[in-house]
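The file data_35.pdb comes next; it holds PDB, C-alpha atoms, pLDDT in the B column.
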```
MODEL        1
ATOM      1  CA  MET D  51      16.992  -0.072  13.218  1.00 49.00           C
ATOM      2  CA  GLU D  52      17.170  -3.356  15.007  1.00 58.00           C
ATOM      3  CA  HIS D  53      13.788  -5.122  15.022  1.00 61.00           C
ATOM      4  CA  GLY D  54      13.749  -5.530  18.823  1.00 67.00           C
ATOM      5  CA  ARG D  55      14.431  -1.849  19.326  1.00 69.00           C
ATOM      6  CA  ALA D  56      11.614  -0.921  16.925  1.00 65.00           C
ATOM      7  CA  ILE D  57       9.202  -3.051  18.946  1.00 69.00           C
ATOM      8  CA  HIS D  58      10.385  -1.367  22.166  1.00 72.00           C
ATOM      9  CA  VAL D  59       9.896   2.123  20.700  1.00 70.00           C
ATOM     10  CA  ARG D  60       6.462   1.203  19.334  1.00 65.00           C
ATOM     11  CA  GLY D  61       5.473  -0.207  22.724  1.00 69.00           C
ATOM     12  CA  ALA D  62       6.465   3.040  24.417  1.00 68.00           C
ATOM     13  CA  LEU D  63       4.441   5.049  21.899  1.00 64.00           C
ATOM     14  CA  LEU D  64       1.367   2.897  22.414  1.00 64.00           C
ATOM     15  CA  SER D  65       1.620   2.965  26.209  1.00 69.00           C
ATOM     16  CA  ARG D  66       1.453   6.758  26.353  1.00 63.00           C
ATOM     17  CA  GLU D  67      -1.671   8.122  27.951  1.00 70.00           C
ATOM     18  CA  LEU D  68      -2.033  10.820  25.344  1.00 73.00           C
ATOM     19  CA  ASP D  69      -5.042  10.991  23.092  1.00 80.00           C
ATOM     20  CA  ALA D  70      -5.318  14.079  20.948  1.00 85.00           C
ATOM     21  CA  SER D  71      -8.321  12.831  18.976  1.00 90.00           C
ATOM     22  CA  ASP D  72     -10.546  15.609  20.297  1.00 92.00           C
ATOM     23  CA  ILE D  73      -8.028  18.231  19.197  1.00 93.00           C
ATOM     24  CA  LEU D  74      -7.514  16.631  15.783  1.00 93.00           C
ATOM     25  CA  ALA D  75     -11.270  16.588  15.269  1.00 96.00           C
ATOM     26  CA  ARG D  76     -11.364  20.387  15.600  1.00 96.00           C
ATOM     27  CA  VAL D  77      -8.487  21.155  13.213  1.00 95.00           C
ATOM     28  CA  THR D  78      -9.678  23.224  10.265  1.00 93.00           C
ATOM     29  CA  VAL D  79      -6.420  23.937   8.419  1.00 92.00           C
ATOM     30  CA  PRO D  80      -5.205  21.437   5.811  1.00 93.00           C
ATOM     31  CA  VAL D  81      -3.233  18.545   7.289  1.00 94.00           C
ATOM     32  CA  LEU D  82      -1.055  16.251   5.209  1.00 96.00           C
ATOM     33  CA  VAL D  83      -0.482  12.870   6.838  1.00 97.00           C
ATOM     34  CA  THR D  84       2.734  11.628   5.265  1.00 97.00           C
ATOM     35  CA  HIS D  85       3.529   8.027   6.121  1.00 97.00           C
ATOM     36  CA  GLY D  86       5.829   5.318   4.822  1.00 97.00           C
ATOM     37  CA  GLN D  87       3.923   2.088   4.321  1.00 96.00           C
ATOM     38  CA  GLU D  88       6.952   0.108   5.519  1.00 95.00           C
ATOM     39  CA  ASP D  89       7.382   2.117   8.738  1.00 93.00           C
ATOM     40  CA  ALA D  90       8.349  -0.326  11.486  1.00 89.00           C
ATOM     41  CA  ILE D  91       8.413   2.320  14.227  1.00 86.00           C
ATOM     42  CA  VAL D  92       5.094   4.149  13.843  1.00 87.00           C
ATOM     43  CA  LEU D  93       2.688   1.717  12.240  1.00 88.00           C
ATOM     44  CA  PRO D  94       0.496   2.875   9.351  1.00 92.00           C
ATOM     45  CA  SER D  95      -2.544   2.207  11.555  1.00 91.00           C
ATOM     46  CA  MET D  96      -1.559   5.252  13.597  1.00 89.00           C
ATOM     47  CA  ALA D  97      -1.737   7.418  10.483  1.00 94.00           C
ATOM     48  CA  GLU D  98      -5.093   5.820   9.681  1.00 95.00           C
ATOM     49  CA  HIS D  99      -6.338   6.893  13.106  1.00 94.00           C
ATOM     50  CA  THR D 100      -5.351  10.508  12.421  1.00 95.00           C
ATOM     51  CA  LEU D 101      -7.080  10.350   9.042  1.00 97.00           C
ATOM     52  CA  THR D 102     -10.215   8.982  10.681  1.00 96.00           C
ATOM     53  CA  VAL D 103     -10.533  11.601  13.428  1.00 96.00           C
ATOM     54  CA  CYS D 104      -9.237  14.667  11.573  1.00 96.00           C
ATOM     55  CA  PRO D 105     -11.619  15.833   8.846  1.00 95.00           C
ATOM     56  CA  ALA D 106      -8.981  18.255   7.484  1.00 95.00           C
ATOM     57  CA  ALA D 107      -6.436  15.459   6.945  1.00 96.00           C
ATOM     58  CA  THR D 108      -5.361  14.060   3.601  1.00 95.00           C
ATOM     59  CA  ALA D 109      -3.249  10.926   3.233  1.00 97.00           C
ATOM     60  CA  SER D 110       0.054  10.696   1.429  1.00 98.00           C
ATOM     61  CA  TRP D 111       1.197   7.083   1.513  1.00 98.00           C
ATOM     62  CA  TYR D 112       4.737   6.209   0.478  1.00 98.00           C
ATOM     63  CA  PRO D 113       4.981   2.606  -0.783  1.00 97.00           C
ATOM     64  CA  GLY D 114       8.317   0.941  -0.059  1.00 97.00           C
ATOM     65  CA  VAL D 115       9.308   3.725   2.349  1.00 97.00           C
ATOM     66  CA  GLY D 116       9.931   3.316   6.063  1.00 96.00           C
ATOM     67  CA  HIS D 117      10.002   5.780   8.934  1.00 94.00           C
ATOM     68  CA  MET D 118      11.623   8.716   7.122  1.00 96.00           C
ATOM     69  CA  PRO D 119       9.826   9.718   3.907  1.00 97.00           C
ATOM     70  CA  PHE D 120      11.648  13.063   3.973  1.00 97.00           C
ATOM     71  CA  TRP D 121      14.941  11.149   3.716  1.00 97.00           C
ATOM     72  CA  GLU D 122      13.913   8.150   1.646  1.00 98.00           C
ATOM     73  CA  ALA D 123      11.862  10.072  -0.940  1.00 98.00           C
ATOM     74  CA  PRO D 124      13.057  13.677  -0.558  1.00 98.00           C
ATOM     75  CA  ASP D 125      11.905  14.980  -3.950  1.00 98.00           C
ATOM     76  CA  ARG D 126       8.336  13.808  -3.495  1.00 98.00           C
ATOM     77  CA  PHE D 127       8.271  14.936   0.134  1.00 98.00           C
ATOM     78  CA  ALA D 128       9.532  18.424  -0.753  1.00 98.00           C
ATOM     79  CA  ARG D 129       7.045  18.722  -3.627  1.00 97.00           C
ATOM     80  CA  GLU D 130       4.099  17.739  -1.416  1.00 97.00           C
ATOM     81  CA  LEU D 131       5.180  19.973   1.453  1.00 95.00           C
ATOM     82  CA  ALA D 132       5.571  22.927  -0.938  1.00 95.00           C
ATOM     83  CA  GLY D 133       2.121  22.158  -2.352  1.00 94.00           C
ATOM     84  CA  LEU D 134       0.607  22.144   1.137  1.00 93.00           C
ATOM     85  CA  ALA D 135       2.277  25.452   1.999  1.00 92.00           C
ATOM     86  CA  HIS D 136       1.095  26.969  -1.284  1.00 91.00           C
ATOM     87  CA  SER D 137      -2.488  25.762  -0.753  1.00 86.00           C
ATOM     88  CA  THR D 138      -2.643  27.411   2.660  1.00 81.00           C
ATOM     89  CA  GLY D 139      -1.213  30.693   1.407  1.00 78.00           C
ATOM     90  CA  SER D 140       1.928  30.353   3.519  1.00 54.00           C
TER
ENDMDL
END
```

File written out as structure tokens:
Amino acid sequence: MEHGRAIHVRGALLSRELDASDILARVTVPVLVTHGQEDAIVLPSMAEHTLTVCPAATASWYPGVGHMPFWEAPDRFARELAGLAHSTGS
């Protein structure tokens, strides 16, 4: 994605007047926060925020991966998603 477009998309995300922190704080089911460390669209700091406010959240950082871990590291993504589903009895 063109760098200028990524900045525009990120700006739109940050300007939203949506804060779900109170909802995330009440989540009791396991949450896997999957995030590429090279994501230029949704910055890793946004994942950090979710991890901070959601006690049920666990981090899964993908070094060298951008915005689409499911595409850029599909084997690992599928393995972790299957593990999450198995751990919840789904």

Given all atoms listed in the file as the counted atoms, nearest of D:Arg129, D:Ala97, D:Leu68, D:Ile73 to Trp111 in chain D
D:Ala97

Between CA of Ala106 in chain D and CA of Ile91 in chain D - distance in Å to one decimal:
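Interatomic distance, CA of Ile91 in chain D to CA of Ala106 in chain D: 24.5 Å.
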
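Reported to one decimal place, the separation of CA of His85 in chain D from CA of Ala128 in chain D is 13.8 Å.
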
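Here CA of Asp72 in chain D stands at a distance of 8.0 Å from CA of Val103 in chain D.
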
Is it possible to get the residues within 12 Å of (10.7, -0.5, 1.8) (coordinates as in the file, counting all atoms listed in the file) written as a PDB file with C-alpha atoms, in the frame of the given file?
```
ATOM      1  CA  HIS D  85       3.529   8.027   6.121  1.00 97.00           C
ATOM      2  CA  GLY D  86       5.829   5.318   4.822  1.00 97.00           C
ATOM      3  CA  GLN D  87       3.923   2.088   4.321  1.00 96.00           C
ATOM      4  CA  GLU D  88       6.952   0.108   5.519  1.00 95.00           C
ATOM      5  CA  ASP D  89       7.382   2.117   8.738  1.00 93.00           C
ATOM      6  CA  ALA D  90       8.349  -0.326  11.486  1.00 89.00           C
ATOM      7  CA  TYR D 112       4.737   6.209   0.478  1.00 98.00           C
ATOM      8  CA  PRO D 113       4.981   2.606  -0.783  1.00 97.00           C
ATOM      9  CA  GLY D 114       8.317   0.941  -0.059  1.00 97.00           C
ATOM     10  CA  VAL D 115       9.308   3.725   2.349  1.00 97.00           C
ATOM     11  CA  GLY D 116       9.931   3.316   6.063  1.00 96.00           C
ATOM     12  CA  HIS D 117      10.002   5.780   8.934  1.00 94.00           C
ATOM     13  CA  MET D 118      11.623   8.716   7.122  1.00 96.00           C
ATOM     14  CA  PRO D 119       9.826   9.718   3.907  1.00 97.00           C
ATOM     15  CA  GLU D 122      13.913   8.150   1.646  1.00 98.00           C
ATOM     16  CA  ALA D 123      11.862  10.072  -0.940  1.00 98.00           C
TER      17      ALA D 123
END
```

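Between Glu130 in chain D and the residues D:Ser95, D:Thr102, D:Ser71, D:Thr108, the shortest atom-to-atom distance, using only C-alpha atoms, involves D:Thr108.
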
So which one's closest to Ser110 in chain D, D:Thr78, D:Thr84, D:His58, D:Leu93? Using only C-alpha atoms, please.
D:Thr84

Pick from D:Val81, D:Val92, D:Ala70, D:Ala75, whichever lies nearest to Leu134 in chain D using all atoms listed in the file
D:Val81

Taking all listed atoms of range 68-86 of chain D, build the axis-aligned box, pad each of the six sides by 3 Å, then write its centre and edge lengths in Å to one decimal as AutoDock Vina command-line options.
```
--center_x -2.8 --center_y 14.6 --center_z 15.1 --size_x 23.2 --size_y 24.6 --size_z 26.5
```

Rank nothing, just name the residue among D:Arg126, D:Ala109, D:Trp121, D:Cys104 nearest to Leu82 in chain D, using all atoms listed in the file.
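Under the stated criterion, the closest residue is D:Ala109.
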
Could you check the closest approach to Ala135 in chain D for each of D:Pro80, D:Asp69, D:Pro105, D:Thr100 and tell me which residue wins, using only C-alpha atoms?
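Among the listed residues, D:Pro80 lies closest to Ala135 in chain D.
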